[in-house]
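Containing mmCIF, C-alpha atoms and all ligand atoms: data35.cif.
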data_data
loop_
_atom_site.label_atom_id
_atom_site.label_comp_id
_atom_site.auth_asym_id
_atom_site.auth_seq_id
_atom_site.Cartn_x
_atom_site.Cartn_y
_atom_site.Cartn_z
CA MET E 1 81.66 116.16 90.40
CA SER E 2 85.24 117.41 90.32
CA ILE E 3 88.41 115.46 90.89
CA ILE E 4 91.53 116.89 92.48
CA SER E 5 94.52 114.62 92.26
CA ASP E 6 98.06 115.07 93.54
CA ASP E 7 99.50 111.59 93.43
CA ASN E 8 103.18 111.16 92.77
CA ASP E 9 103.20 108.46 90.10
CA PHE E 10 106.06 110.19 88.39
CA LEU E 11 108.44 109.92 91.36
CA ARG E 12 107.53 106.29 91.84
CA GLN E 13 108.10 105.38 88.23
CA VAL E 14 111.37 107.30 88.14
CA LYS E 15 112.49 105.21 91.12
CA LYS E 16 111.65 102.07 89.17
CA ASN E 17 113.16 103.29 85.94
CA PRO E 18 115.43 106.35 86.06
CA ASN E 19 114.98 106.89 82.31
CA THR E 20 111.25 107.52 82.65
CA LYS E 21 110.16 110.73 80.96
CA PRO E 22 107.51 112.99 82.57
CA GLU E 23 105.50 112.98 79.31
CA LYS E 24 105.13 109.19 79.51
CA ILE E 25 103.51 109.32 82.98
CA GLU E 26 101.26 112.19 81.95
CA PHE E 27 100.25 110.25 78.87
CA ASP E 28 99.46 107.09 80.87
CA LYS E 29 97.48 109.04 83.44
CA ASN E 30 95.53 111.03 80.87
CA PHE E 31 94.85 107.83 78.94
CA GLU E 32 93.55 106.05 82.05
CA ASN E 33 91.42 109.03 83.05
CA SER E 34 89.93 109.36 79.58
CA ILE E 35 88.54 105.82 79.62
CA ARG E 36 87.53 105.54 83.29
CA PRO E 37 83.88 104.51 83.65
CA LYS E 38 81.90 107.01 85.71
CA THR E 39 78.81 104.98 86.61
CA PHE E 40 78.04 101.50 88.02
CA GLU E 41 76.38 100.64 84.68
CA THR E 42 79.57 101.25 82.71
CA TYR E 43 81.91 99.82 85.36
CA ILE E 44 82.42 96.19 84.31
CA GLY E 45 83.12 93.36 86.81
CA GLN E 46 83.32 93.30 90.65
CA THR E 47 79.62 92.44 90.53
CA SER E 48 78.92 91.55 94.15
CA LEU E 49 81.00 94.46 95.44
CA LYS E 50 79.01 96.84 93.21
CA GLU E 51 75.72 95.49 94.61
CA THR E 52 76.91 95.97 98.21
CA LEU E 53 78.08 99.49 97.44
CA LYS E 54 74.81 100.43 95.73
CA ILE E 55 72.93 99.47 98.90
CA SER E 56 75.32 101.41 101.16
CA ILE E 57 74.96 104.46 98.92
CA ALA E 58 71.16 104.25 98.83
CA ALA E 59 71.07 103.91 102.64
CA ALA E 60 73.44 106.86 103.15
CA LYS E 61 71.30 108.99 100.84
CA LYS E 62 68.10 108.01 102.71
CA ARG E 63 69.72 108.93 106.03
CA GLU E 64 71.10 112.10 104.45
CA GLN E 65 74.49 111.17 105.89
CA PRO E 66 77.86 110.68 104.21
CA LEU E 67 78.85 107.14 103.35
CA ASP E 68 80.86 105.22 106.02
CA HIS E 69 84.62 105.14 105.48
CA LEU E 70 85.62 102.37 103.07
CA LEU E 71 88.77 100.40 102.41
CA PHE E 72 89.47 98.79 99.04
CA TYR E 73 92.26 96.26 98.84
CA GLY E 74 93.68 94.01 96.16
CA PRO E 75 96.36 93.91 93.46
CA PRO E 76 97.09 97.08 91.44
CA GLY E 77 95.13 97.92 88.28
CA LEU E 78 91.80 96.36 89.30
CA GLY E 79 89.90 99.67 89.47
CA LYS E 80 90.06 100.92 93.08
CA THR E 81 90.44 104.60 92.11
CA THR E 82 87.85 104.21 89.37
CA LEU E 83 85.35 102.73 91.82
CA ALA E 84 85.93 105.62 94.26
CA GLY E 85 85.11 108.02 91.39
CA VAL E 86 81.94 106.07 90.59
CA ILE E 87 80.86 106.28 94.26
CA ALA E 88 81.42 110.06 94.30
CA GLU E 89 79.40 110.43 91.11
CA GLN E 90 76.60 108.31 92.55
CA MET E 91 76.58 110.27 95.83
CA GLY E 92 76.69 113.53 93.85
CA VAL E 93 79.75 114.80 95.74
CA ASP E 94 83.29 115.88 94.90
CA ILE E 95 86.29 113.61 95.39
CA LYS E 96 89.84 114.63 96.33
CA ILE E 97 92.42 112.08 95.27
CA THR E 98 95.83 111.77 96.89
CA SER E 99 98.27 109.03 97.87
CA ALA E 100 99.98 108.30 101.20
CA PRO E 101 103.53 109.00 99.97
CA SER E 102 102.53 112.57 99.11
CA LEU E 103 101.25 113.17 102.66
CA GLU E 104 104.73 113.34 104.11
CA ARG E 105 104.44 116.36 106.42
CA PRO E 106 101.65 116.90 109.00
CA ARG E 107 100.57 120.01 107.11
CA ASP E 108 99.91 117.94 103.97
CA ILE E 109 97.18 115.86 105.63
CA ILE E 110 95.92 118.78 107.74
CA GLY E 111 95.66 120.97 104.63
CA ILE E 112 93.69 118.39 102.69
CA LEU E 113 91.34 117.62 105.63
CA MET E 114 90.65 121.33 106.16
CA SER E 115 89.88 121.81 102.49
CA LEU E 116 87.09 119.20 102.53
CA LYS E 117 83.48 120.27 102.29
CA GLY E 118 80.51 118.44 103.87
CA GLY E 119 79.87 115.00 102.36
CA GLU E 120 82.97 115.04 100.15
CA ILE E 121 85.14 111.99 99.54
CA LEU E 122 88.84 111.87 100.34
CA PHE E 123 90.59 109.06 98.47
CA ILE E 124 94.00 108.00 99.79
CA ASP E 125 95.84 105.52 97.60
CA GLU E 126 98.57 103.24 99.01
CA ILE E 127 97.20 103.99 102.47
CA HIS E 128 99.46 101.33 104.04
CA ARG E 129 102.33 103.75 103.42
CA LEU E 130 100.90 106.52 105.59
CA ASN E 131 103.39 107.67 108.25
CA LYS E 132 102.62 107.48 111.99
CA VAL E 133 102.06 111.22 112.42
CA ALA E 134 99.63 111.42 109.52
CA GLU E 135 97.82 108.32 110.82
CA GLU E 136 97.37 109.89 114.24
CA ILE E 137 95.96 113.06 112.72
CA LEU E 138 93.57 110.90 110.73
CA TYR E 139 92.14 108.89 113.68
CA PRO E 140 90.03 111.68 115.32
CA ALA E 141 89.23 113.06 111.87
CA MET E 142 87.74 109.71 110.82
CA GLU E 143 86.06 108.96 114.12
CA ASP E 144 84.71 112.30 115.37
CA PHE E 145 85.32 114.63 112.39
CA VAL E 146 87.75 116.80 114.35
CA LEU E 147 91.37 117.82 114.09
CA ASP E 148 93.30 117.68 117.36
CA MET E 149 96.06 120.27 117.08
CA THR E 150 98.77 120.90 119.64
CA THR E 151 100.61 124.21 120.03
CA GLY E 152 103.50 125.24 122.25
CA LYS E 153 106.17 123.10 123.89
CA SER E 154 106.43 120.89 127.04
CA GLN E 155 104.80 122.81 129.95
CA THR E 156 102.92 125.28 127.77
CA VAL E 157 101.52 122.69 125.36
CA LYS E 158 97.86 123.29 124.46
CA THR E 159 95.47 121.12 122.51
CA MET E 160 92.83 122.58 120.24
CA ARG E 161 89.92 120.73 118.68
CA ILE E 162 88.96 122.00 115.27
CA PRO E 163 85.69 120.64 113.87
CA LEU E 164 85.73 119.24 110.35
CA PRO E 165 82.78 118.72 108.04
CA LYS E 166 81.55 115.11 107.82
CA PHE E 167 83.38 113.37 105.01
CA THR E 168 84.03 109.86 103.69
CA LEU E 169 87.52 108.46 103.56
CA ILE E 170 88.13 105.84 100.91
CA GLY E 171 91.46 104.12 101.42
CA ALA E 172 93.05 101.86 98.85
CA THR E 173 95.88 99.42 99.37
CA THR E 174 97.61 96.56 97.66
CA LYS E 175 98.78 95.33 101.08
CA ALA E 176 95.96 95.17 103.61
CA GLY E 177 98.24 93.20 105.93
CA GLU E 178 100.59 96.18 106.27
CA LEU E 179 97.87 98.50 107.54
CA SER E 180 98.18 99.24 111.25
CA GLY E 181 95.47 97.66 113.44
CA PRO E 182 94.04 101.00 114.69
CA LEU E 183 93.72 102.37 111.13
CA ARG E 184 92.12 99.16 109.84
CA ASP E 185 89.62 99.25 112.73
CA ARG E 186 88.43 102.71 111.73
CA PHE E 187 87.14 101.53 108.38
CA GLY E 188 83.58 100.21 108.46
CA ILE E 189 84.10 97.46 105.91
CA MET E 190 87.08 96.21 103.95
CA HIS E 191 86.28 95.35 100.34
CA ARG E 192 88.51 93.06 98.32
CA LEU E 193 88.73 93.61 94.57
CA GLU E 194 89.03 90.39 92.58
CA PHE E 195 90.90 89.63 89.36
CA TYR E 196 88.60 89.90 86.31
CA THR E 197 87.40 86.95 84.24
CA GLN E 198 88.38 86.78 80.57
CA GLU E 199 84.77 87.58 79.59
CA GLU E 200 84.80 90.71 81.77
CA LEU E 201 88.16 91.81 80.40
CA SER E 202 86.92 91.24 76.88
CA GLU E 203 84.01 93.62 77.64
CA VAL E 204 86.42 96.19 79.11
CA ILE E 205 88.56 95.95 75.96
CA GLN E 206 85.57 96.40 73.62
CA ARG E 207 84.36 99.39 75.66
CA THR E 208 87.82 101.01 75.56
CA ALA E 209 88.20 100.29 71.84
CA GLY E 210 84.81 101.95 71.26
CA ILE E 211 85.90 105.10 73.13
CA LEU E 212 89.23 105.24 71.28
CA ASN E 213 87.70 104.46 67.87
CA ILE E 214 89.70 101.27 67.53
CA ASP E 215 88.29 98.64 65.18
CA ILE E 216 88.24 95.25 66.95
CA ASP E 217 86.17 92.08 66.66
CA LYS E 218 85.04 89.80 69.53
CA ASP E 219 87.79 87.21 68.96
CA GLY E 220 90.42 89.95 68.87
CA ALA E 221 89.16 91.34 72.18
CA TYR E 222 89.14 87.86 73.71
CA ALA E 223 92.69 87.15 72.50
CA ILE E 224 93.92 90.31 74.29
CA ALA E 225 91.81 89.51 77.38
CA LYS E 226 93.47 86.09 77.68
CA ARG E 227 96.89 87.73 78.03
CA SER E 228 95.85 90.57 80.36
CA ARG E 229 96.49 88.84 83.73
CA GLY E 230 92.97 89.44 84.99
CA THR E 231 93.70 93.18 85.14
CA PRO E 232 91.79 95.91 83.25
CA ARG E 233 94.71 98.37 83.44
CA ILE E 234 96.85 95.86 81.55
CA ALA E 235 94.01 95.04 79.11
CA ASN E 236 93.60 98.73 78.28
CA ARG E 237 97.32 99.25 77.72
CA LEU E 238 97.54 96.15 75.52
CA VAL E 239 94.60 97.16 73.36
CA LYS E 240 96.43 100.42 72.54
CA ARG E 241 99.70 98.67 71.76
CA VAL E 242 98.01 96.02 69.61
CA SER E 243 96.10 98.77 67.81
CA ASP E 244 99.47 100.35 66.84
CA PHE E 245 100.52 97.02 65.30
CA ALA E 246 97.15 96.68 63.56
CA LEU E 247 97.54 100.11 61.99
CA VAL E 248 101.14 99.77 60.91
CA LYS E 249 101.36 96.11 59.92
CA HIS E 250 97.78 95.25 58.98
CA ASP E 251 94.60 97.01 57.81
CA GLY E 252 93.88 98.63 61.21
CA LYS E 253 91.42 96.04 62.49
CA ILE E 254 92.24 93.93 65.56
CA THR E 255 91.35 90.31 64.89
CA ARG E 256 92.50 87.24 66.83
CA LYS E 257 95.38 86.74 64.37
CA VAL E 258 96.54 90.36 64.63
CA ALA E 259 96.27 90.31 68.46
CA ASP E 260 98.17 87.03 68.85
CA GLU E 261 100.90 88.09 66.43
CA SER E 262 101.37 91.49 68.10
CA LEU E 263 101.42 90.08 71.63
CA ASP E 264 103.99 87.46 70.58
CA ILE E 265 106.18 90.27 69.27
CA LEU E 266 105.67 92.13 72.57
CA LYS E 267 106.87 88.93 74.33
CA ILE E 268 103.67 88.53 76.30
CA ASP E 269 102.94 84.82 76.37
CA GLU E 270 99.58 82.97 76.08
CA LEU E 271 98.94 83.34 79.80
CA GLY E 272 100.00 86.99 79.99
CA LEU E 273 103.45 86.46 81.50
CA ASP E 274 105.97 89.08 80.38
CA THR E 275 109.76 88.98 80.22
CA THR E 276 110.18 89.93 83.89
CA ASP E 277 107.78 87.23 85.10
CA ARG E 278 109.56 84.59 83.07
CA MET E 279 112.98 85.82 84.20
CA LEU E 280 111.86 85.58 87.82
CA LEU E 281 110.51 82.03 87.49
CA LYS E 282 113.47 80.84 85.42
CA LEU E 283 115.90 82.27 87.96
CA ILE E 284 114.28 80.35 90.81
CA ILE E 285 114.18 77.17 88.72
CA GLU E 286 117.68 77.32 87.29
CA LYS E 287 119.67 78.89 90.10
CA TYR E 288 117.74 77.90 93.20
CA ASP E 289 116.35 74.50 92.25
CA GLY E 290 112.79 75.81 92.39
CA GLY E 291 113.23 77.63 95.70
CA PRO E 292 112.59 78.66 98.38
CA VAL E 293 114.56 81.88 97.85
CA GLY E 294 114.21 85.31 99.46
CA ILE E 295 112.61 88.23 97.65
CA GLU E 296 115.68 90.49 98.05
CA THR E 297 117.89 87.86 96.42
CA ILE E 298 115.46 87.56 93.50
CA ALA E 299 115.25 91.34 93.15
CA ALA E 300 119.04 91.78 93.07
CA ALA E 301 119.47 88.96 90.55
CA ILE E 302 116.92 90.21 88.03
CA GLY E 303 117.60 93.93 88.59
CA GLU E 304 114.09 94.84 89.74
CA ASP E 305 112.97 96.68 92.83
CA ALA E 306 111.76 94.18 95.51
CA ARG E 307 108.62 96.24 96.12
CA THR E 308 107.75 96.22 92.39
CA ILE E 309 108.13 92.44 92.34
CA GLU E 310 105.90 92.07 95.40
CA ASP E 311 103.25 94.53 94.28
CA VAL E 312 103.18 94.11 90.52
CA CYS E 313 104.54 90.69 89.46
CA GLU E 314 103.70 88.44 92.38
CA PRO E 315 99.94 88.82 92.88
CA PHE E 316 99.22 87.35 89.45
CA LEU E 317 101.92 84.65 89.63
CA LEU E 318 100.54 83.59 93.02
CA GLN E 319 96.94 83.55 91.84
CA ALA E 320 97.87 81.70 88.63
CA GLY E 321 99.50 79.05 90.84
CA PHE E 322 103.04 79.54 89.44
CA LEU E 323 104.55 80.83 92.62
CA GLN E 324 104.13 80.02 96.30
CA ARG E 325 105.09 82.10 99.31
CA THR E 326 106.64 80.13 102.14
CA PRO E 327 108.20 81.35 105.42
CA ARG E 328 111.61 80.60 103.86
CA GLY E 329 111.00 82.45 100.61
CA ARG E 330 109.41 82.03 97.18
CA LYS E 331 108.96 78.61 95.55
CA VAL E 332 108.05 77.79 91.96
CA SER E 333 105.23 75.29 91.35
CA PRO E 334 105.27 72.27 88.99
CA GLU E 335 102.81 74.24 86.77
CA ALA E 336 105.45 76.92 86.26
CA TYR E 337 108.03 74.28 85.24
CA ARG E 338 105.56 72.91 82.72
CA HIS E 339 104.51 76.31 81.39
CA LEU E 340 108.13 77.34 80.80
CA GLY E 341 108.96 74.08 79.05
CA TYR E 342 111.03 72.47 81.80
CA LYS E 343 110.29 68.80 82.23
CA CYS E 344 109.05 68.96 85.82
CA ALA E 345 110.32 69.95 89.24
CA ALA E 346 111.52 66.47 90.20
CA ALA E 347 113.19 65.76 86.86
CA GLN E 348 114.80 69.21 86.90
CA ARG E 349 116.20 68.58 90.37
CA SER E 350 117.98 65.45 89.18
CA LEU E 351 119.93 67.59 86.68
CA PHE E 352 121.71 69.48 89.46
N1 LIG J 1 88.51 100.39 82.65
C1 LIG J 1 89.23 100.08 83.72
N2 LIG J 1 88.49 99.39 84.60
C2 LIG J 1 87.28 99.23 84.07
C3 LIG J 1 86.08 98.59 84.49
N3 LIG J 1 86.01 97.95 85.64
N4 LIG J 1 85.03 98.66 83.70
C4 LIG J 1 85.10 99.30 82.53
N5 LIG J 1 86.19 99.90 82.07
C5 LIG J 1 87.27 99.87 82.83
#

Can you dump the structure from the file as structure tokens?
Ligand code: ADE
Amino acid sequence: MSIISDDNDFLRQVKKNPNTKPEKIEFDKNFENSIRPKTFETYIGQTSLKETLKISIAAAKKREQPLDHLLFYGPPGLGKTTLAGVIAEQMGVDIKITSAPSLERPRDIIGILMSLKGGEILFIDEIHRLNKVAEEILYPAMEDFVLDMTTGKSQTVKTMRIPLPKFTLIGATTKAGELSGPLRDRFGIMHRLEFYTQEELSEVIQRTAGILNIDIDKDGAYAIAKRSRGTPRIANRLVKRVSDFALVKHDGKITRKVADESLDILKIDELGLDTTDRMLLKLIIEKYDGGPVGIETIAAAIGEDARTIEDVCEPFLLQAGFLQRTPRGRKVSPEAYRHLGYKCAAAQRSLF
């Protein structure tokens, strides 16, 4: 199986942080790729989704047909790209990986569709960001495996149908609600990826540590898992950072004590909240009496991009019950007051 990837992580991260260096992105991507599981057996978590997928794959193989188009949705870092790679491996086909923002011009999507071979998988990340023109090229390609091309202008306009080999499109999105109706309808099934349990994350951490030759015991892995916000991408990054502390400040082994001490220094609290999360919650509590307050106002006040807040910070804060979305904006819950050491919402309100 080969993987061709042209996503534009670098541009996105530069938008978030103009000081980002190209080497950092390359390093993160290479690191993620080096530890990606390639089979269902080594892919931890998402148990019921894996079982459903195994059946779909077995059926497709029996019919000698490509797999139906699939849509994965859920917060970032839960393993959507990794799962697409596992599916390709299991089907014994190649996968081409791209993301919607890099399919800006019609020729980008046409080029990639025409390069596909029979049975191959096309993975489009952030598919909710696909532009209208690209979407319309994709509809007949998904439905009938054809490209409808138009040439000429007004009276002389001609349409040509170009057949494509049968392929499987796997779309991934953090915002299923932003997908257009017609595009959503062309996917057979939508699969939601769930946050991982602490036990699952602890397994992910021990597997990654094994690959990277990092010495860690079970309690150390669990201590990191507890602060990883249900997300394997975060767990994997933390295990590397804690391992740096273990090497420099201790004897190299990650124990519970070493993990807790390092994560405290990294300002990641017992529930995995980082400085930005706490800033966001504190802002709403202290300046807006617990909310509701609009996302753009929050973004401007804490100096973060609104989309980053929505896509990266919020899913976990919502699921942990610290934040609520209302039609009038974001509200902080009494649990968040308690967690951050404020007395409670009602008591806090009486201070203002
Ligand atoms: N690394 C990232 N996601 C993973 C998963 N689901 N299982 C094992 N290792 C992973």

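Taking CA of Pro327 (chain E) as the reference point, CA of Gly181 (chain E) is found at 22.2 Å.
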
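Nearest to ligand LIG 1 (chain J) of all the residues E:Ala209, E:Leu317, E:Ile57, E:Ile44 is E:Ile44, counting all atoms listed in the file.
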
Give the answer as one residue: which of E:Pro292, E:Thr231, E:Val146, E:His69 has the shortest atom-to-atom distance to Asp185 (chain E), using all atoms listed in the file?
E:His69

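Residues of protein, DNA or RNA having any atom at most 7 Å from ligand LIG 1 (chain J), counting only C-alpha atoms and all ligand atoms, are Ile35, Arg36, Pro37, Thr42, Tyr43, Ile44, Gly45, Leu78, Gly79, Thr82, Val204, Arg207, Thr208, Pro232, Arg233 and Asn236 of chain E.
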
Suppose you want the space between CA of Ile170 (chain E) and CA of Arg237 (chain E); what is it in Å?
25.8 Å

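Take CA of Lys117 (chain E) and CA of Lys54 (chain E): the distance between them is 22.6 Å.
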
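Residue nearest Lys38 (chain E) within the list E:Pro101, E:Asp269, E:Glu89, E:Ile121: E:Glu89 [criterion: smallest interatomic distance, only C-alpha atoms].
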
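Among the candidates E:Leu183, E:Val93, E:Ala84, E:Ile224, the residue lying nearest to Glu203 (chain E) is E:Ile224 (atoms considered: all atoms listed in the file).
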
Shell of 10 Å around Gln46 (chain E), all atoms listed in the file, local chain residues under 5 positions omitted, as a PDB file with C-alpha atoms, keeping the file's coordinate frame:
ATOM      1  CA  GLU E  51      75.720  95.490  94.610  1.00  0.00           C
ATOM      2  CA  LEU E  78      91.800  96.360  89.300  1.00  0.00           C
ATOM      3  CA  GLY E  79      89.900  99.670  89.470  1.00  0.00           C
ATOM      4  CA  LEU E  83      85.350 102.730  91.820  1.00  0.00           C
ATOM      5  CA  ARG E 192      88.510  93.060  98.320  1.00  0.00           C
ATOM      6  CA  LEU E 193      88.730  93.610  94.570  1.00  0.00           C
ATOM      7  CA  GLU E 194      89.030  90.390  92.580  1.00  0.00           C
ATOM      8  CA  PHE E 195      90.900  89.630  89.360  1.00  0.00           C
ATOM      9  CA  TYR E 196      88.600  89.900  86.310  1.00  0.00           C
ATOM     10  CA  THR E 197      87.400  86.950  84.240  1.00  0.00           C
ATOM     11  CA  GLU E 200      84.800  90.710  81.770  1.00  0.00           C
TER      12      GLU E 200
END

Pick from E:Ala176, E:Ile285, E:Thr326, E:Lys50 nearest to Arg338 (chain E), counting all atoms listed in the file:
E:Ile285

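If you measure from each of E:Val239, E:Leu273, E:Ala306, E:Val133 to Leu212 (chain E) using only C-alpha atoms, the closest one turns out to be E:Val239.
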
Quick one: what's the axis-aligned box for region 46-49 of chain E, all listed atoms, 3 Å on every side, centre and edges in Å to one decimal, as lines of an AutoDock Vina configuration file?
center_x = 81.1
center_y = 93.0
center_z = 93.0
size_x = 10.4
size_y = 8.9
size_z = 10.9

Please provide as a count of residues only all residues within 9 Å of Arg241 (chain E), with the sequence filter that same-chain residues fewer than 6 positions apart are discarded (counting all atoms listed in the file).
3

Could you please give me, as a short mmCIF file (atom, residue, chain, number, x, y, z; two decimals) with C-alpha atoms, in the coordinates of the input, the residues of protein, DNA or RNA lying at most 12 Å from (76.1, 109.5, 108.0) in the coordinate frame of the file, considering all atoms listed in the file?
data_model
loop_
_atom_site.label_atom_id
_atom_site.label_comp_id
_atom_site.auth_asym_id
_atom_site.auth_seq_id
_atom_site.Cartn_x
_atom_site.Cartn_y
_atom_site.Cartn_z
CA SER E 56 75.32 101.41 101.16
CA ILE E 57 74.96 104.46 98.92
CA ALA E 58 71.16 104.25 98.83
CA ALA E 59 71.07 103.91 102.64
CA ALA E 60 73.44 106.86 103.15
CA LYS E 61 71.30 108.99 100.84
CA LYS E 62 68.10 108.01 102.71
CA ARG E 63 69.72 108.93 106.03
CA GLU E 64 71.10 112.10 104.45
CA GLN E 65 74.49 111.17 105.89
CA PRO E 66 77.86 110.68 104.21
CA LEU E 67 78.85 107.14 103.35
CA ASP E 68 80.86 105.22 106.02
CA HIS E 69 84.62 105.14 105.48
CA GLY E 118 80.51 118.44 103.87
CA GLY E 119 79.87 115.00 102.36
CA GLU E 120 82.97 115.04 100.15
CA MET E 142 87.74 109.71 110.82
CA GLU E 143 86.06 108.96 114.12
CA ASP E 144 84.71 112.30 115.37
CA PHE E 145 85.32 114.63 112.39
CA PRO E 165 82.78 118.72 108.04
CA LYS E 166 81.55 115.11 107.82
CA PHE E 167 83.38 113.37 105.01
CA THR E 168 84.03 109.86 103.69
CA GLY E 188 83.58 100.21 108.46
#

Hey, what's within 9 Å of Phe72 (chain E) if we count only C-alpha atoms and toss same-chain stuff fewer than 2 positions away? As a PyMOL selection string, please?
chain E and resi 70+74+80+170-174+176+189-193

Around the point (98.4, 104.8, 98.7) (coordinates from the file), which residues reach within 6 Å if we count all atoms listed in the file? Answer as a PyMOL selection string.
chain E and resi 99-100+124-127+173

Spatial neighbours of Leu340 (chain E), 10 Å, all atoms listed in the file, chain gap at least 3 places, as a PDB file with C-alpha atoms, in the coordinates of the input:
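Resulting contents of part-v9.pdb:
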ATOM      1  CA  ARG E 278     109.560  84.590  83.070  1.00  0.00           C
ATOM      2  CA  LEU E 281     110.510  82.030  87.490  1.00  0.00           C
ATOM      3  CA  LYS E 282     113.470  80.840  85.420  1.00  0.00           C
ATOM      4  CA  ILE E 285     114.180  77.170  88.720  1.00  0.00           C
ATOM      5  CA  GLU E 335     102.810  74.240  86.770  1.00  0.00           C
ATOM      6  CA  ALA E 336     105.450  76.920  86.260  1.00  0.00           C
ATOM      7  CA  TYR E 337     108.030  74.280  85.240  1.00  0.00           C
ATOM      8  CA  LYS E 343     110.290  68.800  82.230  1.00  0.00           C
ATOM      9  CA  CYS E 344     109.050  68.960  85.820  1.00  0.00           C
TER      10      CYS E 344
END
